[in-house]
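First the structure, in the form of structure tokens, and then the observations on it.
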Amino acid sequence: MHVPHTFSGSCELSVVIPVYNEEAGLDALVERVTAAARAIFADNYELILVNDGSKDGSWAAICRHADHDPRIVAINLARNHGHQLALTAGLNHVRGELVFVLDADLQDPPELLGPMLEQVRAGYDVVYGQRIKRHGETAFKRGTASLFYRMLSAMVDTPIPRDTGDFRLMTRRVVDQLNAMPERYRFIRGLVSYVGFNQTAFPYERDPRFAGETNYPLRKMLALAADAVTSFSVVPLRFASHLGMLFGLAGLAALVWVAWGWLRGGTVEGWASLAAVTLIMGSVQLLVMGVFGEYLGRMYMEAKQRPLFIVSEVRRHPIAANQEPEVAAAAIQTDEGIRVAG
Ligand code: UDP
Ligand code: MG
């Protein structure tokens, strides 16, 4: 296989899936992903399921699968960390030479592994799914998502492809680069673009959720959008000076108008217009301070250097993925809080 690796993993493929309250669809997920991976890699893969502090029975279900299948690596986070950090936790545990990331709700068809792999074999390091159709998603979700990607691309230098999620197949050297990025506010699809190498889009139709409901309400989508913008752009900081110039010019024009009125013997009336101007200026100033605050707050949080995620348990079969038992044992000893099932 022609893949430019810098790292020789212990299996050919790692599938990474963050799981939050996905109990209802988990059996179907494991079944379809396993079938897709087996069809190509036989036993030479691992399936990493990261439980992101689910409130339902997801963890028990993951453990049940891990007990039956040594290819399954079960990672339990200490609490809910959010999609991007759960995915980060999974990426930190990969041992495969290729890494396949998908959502737990089967919106991204695991069967596309084969066609995406062909692209990797053709020399690409990143093959990212690009949605050409989204089934079962509201017009509002589609509208806001598309608006977001267009706004983002206007503001950032890193070209972040639109209508992509985290569904992608990557070579190990890309994942190694991602793992070397210490930042806390992770907009992973953006970070992947930032890494570079050869990347290509893989158009696909996004299926509706298999079971359960979306864990991305508007609030989380806005937070992700804010992470995306602030991690890749300082353009909003420049809004302050642009707005300043704009309002300065408006003020000058108003001044000319007042002077003109005075010369012609009339006075400009109205405290209402004054009040309006004062309020608008006040709001613009607060808005600009808010934008500064957003960056400052992120700097503060980054400066703390807390761990990105806290792992409570890892269940990995000691001799899984063709690894020498002593190597596996060493890996287990260095990673704190790990217990091994079976
Ligand atoms: N997810 C997670 N932690 C969270 C929220 C979501 O690990 O706090 C996972 C979820 O289980 C799924 C993926 O992230 O595998 C995408 O979430 P979801 O399907 O709810 O988002 P949508 O597809 O609606 O954007
Ligand atoms: Mg989904």
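Chain identifiers are assigned as A, B, and so on, following the order in which chains appear in the structure tokens; residues are numbered from 1 within each chain, and ligands are numbered from 1 in order of appearance.
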Report task. Could you give me the residues within segment 83-142 of chain A that DSSP places in strand (DSSP E or B), as a list in words? Result -> Gly96, Glu97, Leu98, Val99, Phe100, Val101, Val126, Val127, Tyr128, Gly129, Gln130, Arg131, Ile132, Lys133 and Arg134 of chain A
Preceding selection exported with all heavy atoms as a short mmCIF file (atom, residue, chain, number, x, y, z; two decimals), in the first residue's frame:
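What ended up in result.cif:
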data_model
loop_
_atom_site.label_atom_id
_atom_site.label_comp_id
_atom_site.auth_asym_id
_atom_site.auth_seq_id
_atom_site.Cartn_x
_atom_site.Cartn_y
_atom_site.Cartn_z
N GLY A 96 -3.37 2.46 15.07
CA GLY A 96 -3.45 2.08 13.67
C GLY A 96 -2.63 2.98 12.77
O GLY A 96 -2.29 4.11 13.14
N GLU A 97 -2.32 2.49 11.60
CA GLU A 97 -1.60 3.30 10.62
C GLU A 97 -2.55 4.22 9.87
O GLU A 97 -2.14 5.23 9.33
CB GLU A 97 -0.86 2.39 9.64
CG GLU A 97 0.24 1.61 10.35
CD GLU A 97 1.04 0.76 9.41
OE1 GLU A 97 1.20 1.16 8.25
OE2 GLU A 97 1.48 -0.32 9.84
N LEU A 98 -3.81 3.83 9.85
CA LEU A 98 -4.85 4.68 9.29
C LEU A 98 -5.88 4.90 10.38
O LEU A 98 -6.10 4.02 11.22
CB LEU A 98 -5.52 4.01 8.09
CG LEU A 98 -4.67 3.82 6.84
CD1 LEU A 98 -5.43 2.98 5.83
CD2 LEU A 98 -4.30 5.16 6.25
N VAL A 99 -6.51 6.07 10.35
CA VAL A 99 -7.50 6.37 11.38
C VAL A 99 -8.79 6.81 10.72
O VAL A 99 -8.79 7.72 9.88
CB VAL A 99 -6.97 7.46 12.34
CG1 VAL A 99 -8.03 7.80 13.39
CG2 VAL A 99 -5.68 7.00 13.01
N PHE A 100 -9.86 6.15 11.09
CA PHE A 100 -11.17 6.40 10.50
C PHE A 100 -12.07 6.95 11.61
O PHE A 100 -12.26 6.30 12.63
CB PHE A 100 -11.71 5.07 9.97
CG PHE A 100 -12.98 5.14 9.15
CD1 PHE A 100 -13.19 6.16 8.24
CD2 PHE A 100 -13.95 4.15 9.29
CE1 PHE A 100 -14.35 6.20 7.47
CE2 PHE A 100 -15.11 4.17 8.52
CZ PHE A 100 -15.31 5.21 7.61
N VAL A 101 -12.56 8.17 11.42
CA VAL A 101 -13.38 8.80 12.45
C VAL A 101 -14.83 8.90 11.98
O VAL A 101 -15.08 9.34 10.86
CB VAL A 101 -12.87 10.23 12.75
CG1 VAL A 101 -13.80 10.95 13.71
CG2 VAL A 101 -11.45 10.18 13.30
N VAL A 126 -5.55 12.72 3.87
CA VAL A 126 -6.85 12.96 4.52
C VAL A 126 -7.94 12.86 3.46
O VAL A 126 -7.87 13.52 2.43
CB VAL A 126 -6.91 14.37 5.16
CG1 VAL A 126 -8.30 14.64 5.73
CG2 VAL A 126 -5.85 14.51 6.24
N VAL A 127 -8.90 12.00 3.73
CA VAL A 127 -10.07 11.92 2.86
C VAL A 127 -11.26 12.29 3.73
O VAL A 127 -11.66 11.54 4.61
CB VAL A 127 -10.25 10.49 2.29
CG1 VAL A 127 -11.46 10.44 1.36
CG2 VAL A 127 -8.99 10.04 1.58
N TYR A 128 -11.78 13.52 3.54
CA TYR A 128 -12.85 13.97 4.42
C TYR A 128 -14.20 13.89 3.73
O TYR A 128 -14.35 14.21 2.57
CB TYR A 128 -12.61 15.39 4.94
CG TYR A 128 -12.35 16.43 3.87
CD1 TYR A 128 -13.41 17.10 3.25
CD2 TYR A 128 -11.06 16.76 3.51
CE1 TYR A 128 -13.18 18.05 2.28
CE2 TYR A 128 -10.82 17.72 2.53
CZ TYR A 128 -11.87 18.36 1.93
OH TYR A 128 -11.65 19.30 0.97
N GLY A 129 -15.17 13.41 4.48
CA GLY A 129 -16.52 13.33 3.96
C GLY A 129 -17.10 14.71 3.78
O GLY A 129 -16.98 15.56 4.66
N GLN A 130 -17.67 14.96 2.62
CA GLN A 130 -18.31 16.25 2.39
C GLN A 130 -19.77 15.97 2.06
O GLN A 130 -20.06 15.22 1.14
CB GLN A 130 -17.62 16.99 1.26
CG GLN A 130 -18.06 18.43 1.14
CD GLN A 130 -17.03 19.26 0.37
OE1 GLN A 130 -16.45 18.79 -0.59
NE2 GLN A 130 -16.80 20.49 0.81
N ARG A 131 -20.66 16.59 2.82
CA ARG A 131 -22.08 16.24 2.70
C ARG A 131 -22.68 16.91 1.48
O ARG A 131 -22.66 18.13 1.36
CB ARG A 131 -22.83 16.71 3.94
CG ARG A 131 -22.28 16.07 5.19
CD ARG A 131 -22.36 17.04 6.33
NE ARG A 131 -21.73 16.47 7.51
CZ ARG A 131 -21.69 17.10 8.67
NH1 ARG A 131 -22.22 18.29 8.81
NH2 ARG A 131 -21.08 16.54 9.69
N ILE A 132 -23.22 16.09 0.58
CA ILE A 132 -23.92 16.69 -0.53
C ILE A 132 -25.41 16.72 -0.25
O ILE A 132 -26.13 17.55 -0.77
CB ILE A 132 -23.64 15.99 -1.88
CG1 ILE A 132 -23.70 14.47 -1.73
CG2 ILE A 132 -22.29 16.38 -2.43
CD1 ILE A 132 -23.55 13.74 -3.03
N LYS A 133 -25.85 15.84 0.61
CA LYS A 133 -27.27 15.85 1.00
C LYS A 133 -27.34 15.45 2.46
O LYS A 133 -26.58 14.62 2.91
CB LYS A 133 -28.03 14.79 0.19
CG LYS A 133 -28.89 15.36 -0.90
CD LYS A 133 -29.85 14.33 -1.41
CE LYS A 133 -30.31 14.71 -2.81
NZ LYS A 133 -30.56 13.57 -3.66
N ARG A 134 -28.25 16.08 3.17
CA ARG A 134 -28.45 15.69 4.55
C ARG A 134 -29.88 15.24 4.71
O ARG A 134 -30.80 16.03 4.59
CB ARG A 134 -28.22 16.88 5.48
CG ARG A 134 -26.79 17.36 5.52
CD ARG A 134 -26.81 18.74 6.13
NE ARG A 134 -25.45 19.17 6.42
CZ ARG A 134 -25.03 19.48 7.64
NH1 ARG A 134 -25.83 19.40 8.66
NH2 ARG A 134 -23.80 19.87 7.82
#
Report task. Would you mind listing the residues within 6 Å of ligand 1, counting only C-alpha atoms and all ligand atoms, as a list of chain:residue names? Result -> A:Pro18, A:Val19, A:Tyr20, A:Glu22, A:Asp52, A:Asn80, A:Gly82, A:His83, A:Ala86, A:Asp103, A:Ala104, A:Asp105, A:Thr214, A:Asn215, A:Tyr216
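Take the candidates A:Gly261, A:Gly248, A:Gly123, A:Pro208 and check each one against ligand 2 using only C-alpha atoms and all ligand atoms; the shortest distance goes to A:Pro208.
Minimum distance to ligand 2 across A:Val94, A:Ala228, A:Ala211, A:Leu147 (counting only C-alpha atoms and all ligand atoms) occurs at A:Ala211.
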Contacts of segment 152-166 of chain A at 10 Å or less, counting only C-alpha atoms, minus same-chain residues fewer than 5 places along, as a short mmCIF file (atom, residue, chain, number, x, y, z; two decimals) with all heavy atoms, in the first residue's frame?
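Contents of the output file around-v4.cif:
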data_model
loop_
_atom_site.label_atom_id
_atom_site.label_comp_id
_atom_site.auth_asym_id
_atom_site.auth_seq_id
_atom_site.Cartn_x
_atom_site.Cartn_y
_atom_site.Cartn_z
N HIS A 83 -18.10 16.64 22.34
CA HIS A 83 -17.73 15.86 21.16
C HIS A 83 -16.25 15.98 20.77
O HIS A 83 -15.56 14.98 20.60
CB HIS A 83 -18.64 16.32 20.02
CG HIS A 83 -18.40 15.64 18.72
ND1 HIS A 83 -18.83 16.15 17.53
CD2 HIS A 83 -17.77 14.49 18.41
CE1 HIS A 83 -18.47 15.34 16.56
NE2 HIS A 83 -17.83 14.33 17.05
N GLN A 84 -15.76 17.21 20.66
CA GLN A 84 -14.41 17.41 20.12
C GLN A 84 -13.33 16.87 21.07
O GLN A 84 -12.33 16.31 20.62
CB GLN A 84 -14.16 18.90 19.83
CG GLN A 84 -15.14 19.48 18.80
CD GLN A 84 -14.93 18.92 17.40
OE1 GLN A 84 -13.90 19.12 16.79
NE2 GLN A 84 -15.90 18.19 16.89
N LEU A 87 -13.46 13.04 21.02
CA LEU A 87 -12.76 12.58 19.82
C LEU A 87 -11.24 12.68 20.01
O LEU A 87 -10.49 11.78 19.64
CB LEU A 87 -13.23 13.44 18.63
CG LEU A 87 -12.70 13.12 17.27
CD1 LEU A 87 -12.89 11.65 16.94
CD2 LEU A 87 -13.43 13.97 16.22
N PHE A 100 -9.86 6.15 11.09
CA PHE A 100 -11.17 6.40 10.50
C PHE A 100 -12.07 6.95 11.61
O PHE A 100 -12.26 6.30 12.63
CB PHE A 100 -11.71 5.07 9.97
CG PHE A 100 -12.98 5.14 9.15
CD1 PHE A 100 -13.19 6.16 8.24
CD2 PHE A 100 -13.95 4.15 9.29
CE1 PHE A 100 -14.35 6.20 7.47
CE2 PHE A 100 -15.11 4.17 8.52
CZ PHE A 100 -15.31 5.21 7.61
N VAL A 101 -12.56 8.17 11.42
CA VAL A 101 -13.38 8.80 12.45
C VAL A 101 -14.83 8.90 11.98
O VAL A 101 -15.08 9.34 10.86
CB VAL A 101 -12.87 10.23 12.75
CG1 VAL A 101 -13.80 10.95 13.71
CG2 VAL A 101 -11.45 10.18 13.30
N LEU A 102 -15.75 8.45 12.81
CA LEU A 102 -17.15 8.66 12.46
C LEU A 102 -18.00 8.87 13.70
O LEU A 102 -17.54 8.65 14.81
CB LEU A 102 -17.69 7.54 11.56
CG LEU A 102 -17.76 6.10 12.00
CD1 LEU A 102 -18.74 5.36 11.13
CD2 LEU A 102 -16.41 5.46 11.86
N ASP A 103 -19.23 9.32 13.48
CA ASP A 103 -20.16 9.56 14.58
C ASP A 103 -20.82 8.25 14.98
O ASP A 103 -20.94 7.33 14.17
CB ASP A 103 -21.25 10.55 14.15
CG ASP A 103 -20.75 11.98 14.18
OD1 ASP A 103 -19.60 12.20 14.60
OD2 ASP A 103 -21.51 12.87 13.78
N ASP A 108 -22.94 8.80 9.37
CA ASP A 108 -21.85 8.63 8.40
C ASP A 108 -21.74 7.14 8.12
O ASP A 108 -21.37 6.37 9.00
CB ASP A 108 -20.53 9.12 9.00
CG ASP A 108 -20.66 10.48 9.65
OD1 ASP A 108 -21.32 11.34 9.06
OD2 ASP A 108 -20.11 10.66 10.74
N TYR A 128 -11.78 13.52 3.54
CA TYR A 128 -12.85 13.97 4.42
C TYR A 128 -14.20 13.89 3.73
O TYR A 128 -14.35 14.21 2.57
CB TYR A 128 -12.61 15.39 4.94
CG TYR A 128 -12.35 16.43 3.87
CD1 TYR A 128 -13.41 17.10 3.25
CD2 TYR A 128 -11.06 16.76 3.51
CE1 TYR A 128 -13.18 18.05 2.28
CE2 TYR A 128 -10.82 17.72 2.53
CZ TYR A 128 -11.87 18.36 1.93
OH TYR A 128 -11.65 19.30 0.97
N GLY A 129 -15.17 13.41 4.48
CA GLY A 129 -16.52 13.33 3.96
C GLY A 129 -17.10 14.71 3.78
O GLY A 129 -16.98 15.56 4.66
N GLN A 130 -17.67 14.96 2.62
CA GLN A 130 -18.31 16.25 2.39
C GLN A 130 -19.77 15.97 2.06
O GLN A 130 -20.06 15.22 1.14
CB GLN A 130 -17.62 16.99 1.26
CG GLN A 130 -18.06 18.43 1.14
CD GLN A 130 -17.03 19.26 0.37
OE1 GLN A 130 -16.45 18.79 -0.59
NE2 GLN A 130 -16.80 20.49 0.81
N ARG A 131 -20.66 16.59 2.82
CA ARG A 131 -22.08 16.24 2.70
C ARG A 131 -22.68 16.91 1.48
O ARG A 131 -22.66 18.13 1.36
CB ARG A 131 -22.83 16.71 3.94
CG ARG A 131 -22.28 16.07 5.19
CD ARG A 131 -22.36 17.04 6.33
NE ARG A 131 -21.73 16.47 7.51
CZ ARG A 131 -21.69 17.10 8.67
NH1 ARG A 131 -22.22 18.29 8.81
NH2 ARG A 131 -21.08 16.54 9.69
N ILE A 132 -23.22 16.09 0.58
CA ILE A 132 -23.92 16.69 -0.53
C ILE A 132 -25.41 16.72 -0.25
O ILE A 132 -26.13 17.55 -0.77
CB ILE A 132 -23.64 15.99 -1.88
CG1 ILE A 132 -23.70 14.47 -1.73
CG2 ILE A 132 -22.29 16.38 -2.43
CD1 ILE A 132 -23.55 13.74 -3.03
N LYS A 133 -25.85 15.84 0.61
CA LYS A 133 -27.27 15.85 1.00
C LYS A 133 -27.34 15.45 2.46
O LYS A 133 -26.58 14.62 2.91
CB LYS A 133 -28.03 14.79 0.19
CG LYS A 133 -28.89 15.36 -0.90
CD LYS A 133 -29.85 14.33 -1.41
CE LYS A 133 -30.31 14.71 -2.81
NZ LYS A 133 -30.56 13.57 -3.66
N ARG A 134 -28.25 16.08 3.17
CA ARG A 134 -28.45 15.69 4.55
C ARG A 134 -29.88 15.24 4.71
O ARG A 134 -30.80 16.03 4.59
CB ARG A 134 -28.22 16.88 5.48
CG ARG A 134 -26.79 17.36 5.52
CD ARG A 134 -26.81 18.74 6.13
NE ARG A 134 -25.45 19.17 6.42
CZ ARG A 134 -25.03 19.48 7.64
NH1 ARG A 134 -25.83 19.40 8.66
NH2 ARG A 134 -23.80 19.87 7.82
N ARG A 142 -29.74 22.82 8.48
CA ARG A 142 -28.98 22.90 7.23
C ARG A 142 -28.61 24.35 6.91
O ARG A 142 -27.49 24.65 6.53
CB ARG A 142 -29.79 22.29 6.08
CG ARG A 142 -29.65 20.77 6.02
CD ARG A 142 -30.43 20.18 4.88
NE ARG A 142 -31.83 20.01 5.24
CZ ARG A 142 -32.86 20.46 4.54
NH1 ARG A 142 -32.66 21.12 3.42
NH2 ARG A 142 -34.08 20.25 4.94
N ALA A 145 -25.96 25.68 9.37
CA ALA A 145 -24.66 25.05 9.11
C ALA A 145 -24.01 25.66 7.87
O ALA A 145 -22.82 25.98 7.87
CB ALA A 145 -24.83 23.54 8.94
N SER A 146 -24.81 25.87 6.84
CA SER A 146 -24.22 26.37 5.60
C SER A 146 -23.79 27.84 5.77
O SER A 146 -22.73 28.25 5.30
CB SER A 146 -25.18 26.15 4.43
OG SER A 146 -25.62 27.35 3.90
N LEU A 147 -24.60 28.61 6.50
CA LEU A 147 -24.24 30.01 6.77
C LEU A 147 -22.92 30.06 7.54
O LEU A 147 -22.02 30.86 7.24
CB LEU A 147 -25.36 30.67 7.59
CG LEU A 147 -25.13 32.15 7.91
CD1 LEU A 147 -25.33 32.98 6.66
CD2 LEU A 147 -26.08 32.62 9.01
N PHE A 187 -11.33 22.69 17.26
CA PHE A 187 -12.27 22.56 16.17
C PHE A 187 -11.55 21.62 15.21
O PHE A 187 -10.78 22.04 14.36
CB PHE A 187 -12.52 23.94 15.56
CG PHE A 187 -13.51 23.93 14.44
CD1 PHE A 187 -14.82 23.54 14.64
CD2 PHE A 187 -13.13 24.35 13.17
CE1 PHE A 187 -15.73 23.55 13.59
CE2 PHE A 187 -14.03 24.37 12.13
CZ PHE A 187 -15.34 23.97 12.34
N ILE A 188 -11.77 20.32 15.42
CA ILE A 188 -10.87 19.32 14.84
C ILE A 188 -10.83 19.37 13.32
O ILE A 188 -9.78 19.28 12.71
CB ILE A 188 -11.21 17.92 15.38
CG1 ILE A 188 -10.88 17.91 16.88
CG2 ILE A 188 -10.41 16.83 14.65
CD1 ILE A 188 -11.20 16.64 17.59
N ARG A 189 -12.00 19.58 12.69
CA ARG A 189 -11.97 19.59 11.21
C ARG A 189 -11.09 20.73 10.70
O ARG A 189 -10.46 20.61 9.67
CB ARG A 189 -13.40 19.66 10.67
CG ARG A 189 -14.17 20.87 11.05
CD ARG A 189 -15.66 20.63 11.02
NE ARG A 189 -16.13 19.87 12.16
CZ ARG A 189 -17.40 19.81 12.56
NH1 ARG A 189 -18.33 20.45 11.88
NH2 ARG A 189 -17.75 19.11 13.60
N GLY A 190 -11.03 21.83 11.48
CA GLY A 190 -10.15 22.94 11.11
C GLY A 190 -8.69 22.58 11.34
O GLY A 190 -7.83 22.87 10.50
N LEU A 191 -8.42 21.92 12.46
CA LEU A 191 -7.04 21.54 12.77
C LEU A 191 -6.50 20.57 11.71
O LEU A 191 -5.33 20.63 11.34
CB LEU A 191 -6.96 20.90 14.16
CG LEU A 191 -7.34 21.80 15.33
CD1 LEU A 191 -7.26 21.04 16.65
CD2 LEU A 191 -6.45 23.03 15.38
N VAL A 192 -7.38 19.70 11.23
CA VAL A 192 -6.95 18.74 10.20
C VAL A 192 -6.56 19.50 8.92
O VAL A 192 -5.53 19.24 8.32
CB VAL A 192 -8.05 17.70 9.90
CG1 VAL A 192 -7.67 16.84 8.71
CG2 VAL A 192 -8.30 16.83 11.11
N SER A 193 -7.37 20.48 8.54
CA SER A 193 -7.02 21.29 7.36
C SER A 193 -5.68 21.97 7.57
O SER A 193 -4.87 22.08 6.66
CB SER A 193 -8.03 22.40 7.11
OG SER A 193 -9.28 21.89 6.90
N TYR A 194 -5.51 22.46 8.79
CA TYR A 194 -4.29 23.20 9.13
C TYR A 194 -3.05 22.33 8.94
O TYR A 194 -2.00 22.81 8.50
CB TYR A 194 -4.41 23.68 10.57
CG TYR A 194 -3.21 24.39 11.12
CD1 TYR A 194 -3.06 25.76 10.94
CD2 TYR A 194 -2.24 23.70 11.82
CE1 TYR A 194 -1.96 26.42 11.44
CE2 TYR A 194 -1.13 24.34 12.33
CZ TYR A 194 -1.00 25.71 12.14
OH TYR A 194 0.09 26.35 12.64
N VAL A 195 -3.16 21.04 9.25
CA VAL A 195 -2.02 20.13 9.14
C VAL A 195 -1.51 20.08 7.70
O VAL A 195 -0.30 20.08 7.45
CB VAL A 195 -2.38 18.71 9.63
CG1 VAL A 195 -1.29 17.71 9.26
CG2 VAL A 195 -2.59 18.70 11.13
N GLY A 196 -2.43 20.04 6.74
CA GLY A 196 -1.99 20.05 5.34
C GLY A 196 -1.75 18.66 4.78
O GLY A 196 -2.59 17.80 4.92
N THR A 200 -8.33 15.46 0.35
CA THR A 200 -9.33 15.49 -0.70
C THR A 200 -10.72 15.26 -0.13
O THR A 200 -10.89 14.61 0.91
CB THR A 200 -9.03 14.43 -1.80
OG1 THR A 200 -9.95 14.60 -2.87
CG2 THR A 200 -9.16 13.02 -1.27
N ALA A 201 -11.71 15.82 -0.81
CA ALA A 201 -13.10 15.67 -0.35
C ALA A 201 -13.68 14.38 -0.88
O ALA A 201 -13.34 13.92 -1.97
CB ALA A 201 -13.92 16.85 -0.85
N PHE A 202 -14.55 13.80 -0.08
CA PHE A 202 -15.25 12.61 -0.52
C PHE A 202 -16.75 12.90 -0.37
O PHE A 202 -17.28 12.88 0.74
CB PHE A 202 -14.84 11.42 0.35
CG PHE A 202 -15.48 10.13 -0.07
CD1 PHE A 202 -14.89 9.32 -1.01
CD2 PHE A 202 -16.72 9.75 0.45
CE1 PHE A 202 -15.49 8.15 -1.42
CE2 PHE A 202 -17.33 8.58 0.04
CZ PHE A 202 -16.72 7.79 -0.90
N PRO A 203 -17.43 13.21 -1.47
CA PRO A 203 -18.84 13.58 -1.36
C PRO A 203 -19.69 12.40 -0.94
O PRO A 203 -19.48 11.29 -1.43
CB PRO A 203 -19.22 14.02 -2.78
CG PRO A 203 -17.97 13.99 -3.57
CD PRO A 203 -16.95 13.18 -2.86
N ALA A 225 -19.09 27.07 16.78
CA ALA A 225 -18.80 28.12 15.82
C ALA A 225 -17.83 29.14 16.42
O ALA A 225 -16.87 29.58 15.77
CB ALA A 225 -20.09 28.81 15.38
N ALA A 226 -18.05 29.50 17.70
CA ALA A 226 -17.17 30.46 18.37
C ALA A 226 -15.76 29.88 18.49
O ALA A 226 -14.76 30.57 18.28
CB ALA A 226 -17.72 30.82 19.74
N ALA A 228 -14.44 27.70 16.50
CA ALA A 228 -13.86 27.66 15.16
C ALA A 228 -13.29 29.03 14.79
O ALA A 228 -12.15 29.14 14.36
CB ALA A 228 -14.93 27.26 14.15
N VAL A 229 -14.09 30.06 15.02
CA VAL A 229 -13.66 31.40 14.61
C VAL A 229 -12.45 31.84 15.43
O VAL A 229 -11.43 32.26 14.89
CB VAL A 229 -14.81 32.41 14.76
CG1 VAL A 229 -14.32 33.82 14.54
CG2 VAL A 229 -15.92 32.07 13.79
N THR A 230 -12.55 31.70 16.77
CA THR A 230 -11.46 32.21 17.60
C THR A 230 -10.18 31.38 17.46
O THR A 230 -9.10 31.90 17.64
CB THR A 230 -11.86 32.27 19.08
OG1 THR A 230 -12.37 30.98 19.46
CG2 THR A 230 -12.92 33.31 19.32
N SER A 231 -10.32 30.08 17.13
CA SER A 231 -9.08 29.30 17.00
C SER A 231 -8.37 29.58 15.68
O SER A 231 -7.20 29.26 15.56
CB SER A 231 -9.29 27.79 17.05
OG SER A 231 -10.38 27.40 17.70
N PHE A 232 -9.08 30.08 14.70
CA PHE A 232 -8.43 30.20 13.41
C PHE A 232 -8.33 31.62 12.89
O PHE A 232 -7.79 31.85 11.83
CB PHE A 232 -9.15 29.32 12.37
CG PHE A 232 -8.83 27.88 12.57
CD1 PHE A 232 -9.64 27.08 13.34
CD2 PHE A 232 -7.67 27.34 12.05
CE1 PHE A 232 -9.33 25.75 13.56
CE2 PHE A 232 -7.34 26.02 12.26
CZ PHE A 232 -8.17 25.22 13.02
N SER A 233 -8.87 32.58 13.66
CA SER A 233 -8.92 33.92 13.10
C SER A 233 -8.85 34.98 14.19
O SER A 233 -9.41 34.82 15.27
CB SER A 233 -10.23 34.08 12.31
OG SER A 233 -10.38 35.39 11.90
N VAL A 234 -8.14 36.08 13.88
CA VAL A 234 -8.18 37.22 14.79
C VAL A 234 -8.92 38.36 14.09
O VAL A 234 -8.88 39.50 14.55
CB VAL A 234 -6.76 37.67 15.21
CG1 VAL A 234 -6.15 36.65 16.15
CG2 VAL A 234 -5.87 37.89 14.01
N VAL A 235 -9.60 38.05 13.00
CA VAL A 235 -10.34 39.08 12.27
C VAL A 235 -11.34 39.81 13.17
O VAL A 235 -11.43 41.04 13.11
CB VAL A 235 -11.03 38.46 11.02
CG1 VAL A 235 -12.02 39.42 10.41
CG2 VAL A 235 -9.98 38.07 9.99
N PRO A 236 -12.07 39.08 14.05
CA PRO A 236 -13.03 39.81 14.90
C PRO A 236 -12.37 40.90 15.75
O PRO A 236 -12.98 41.91 16.06
CB PRO A 236 -13.62 38.71 15.79
CG PRO A 236 -13.52 37.49 14.96
CD PRO A 236 -12.22 37.63 14.21
#
Query raised in the report: Residues of segment 95-327 of chain A in helix (DSSP H, G or I) according to DSSP, as a VMD selection string?
Result: chain A and resid 110 to 121 139 to 155 172 to 179 188 to 195 218 to 232 235 to 263 271 to 304 320 to 322 325 to 327
Query raised in the report: Smallest atom-to-atom distance to ligand 2: which of A:Ser14, A:Asn51, A:Asn21, A:Ser283, using only C-alpha atoms and all ligand atoms?
Result: A:Asn21
Query raised in the report: In Å, with one decimal, what is the gap from atom CA of Ala139 of chain A to atom 1 (Mg, counted along the ligand's line) of ligand 2?
Result: 15.2 Å
Requested in this report: Tell me which of A:Arg38, A:Pro70, A:Arg173, A:Gly212 sits closest to Ser58 of chain A, counting only C-alpha atoms.
Outcome: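 Closest residue, counting only C-alpha atoms: A:Gly212.
Nearest residue to ligand 2 among A:Glu46, A:Glu313, A:Glu183, A:Asp207 is A:Asp207, counting only C-alpha atoms and all ligand atoms.
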Go through segment 219-264 of chain A and flag each residue having an atom no more than 12 Å from segment 279-282 of chain A; for those, report the closest pair of atoms plus their distance in Å to one decimal, using only C-alpha atoms, ordered by chain and rising number, as a tab-separated table.
residue	atom	partner	partner_atom	distance
A:Leu243	CA	A:Met281	CA	10.1
A:Gly244	CA	A:Met281	CA	9.7
A:Leu246	CA	A:Met281	CA	11.4
A:Phe247	CA	A:Met281	CA	8.2
A:Gly248	CA	A:Met281	CA	10.4
A:Ala250	CA	A:Met281	CA	11.3
A:Gly251	CA	A:Met281	CA	10.5
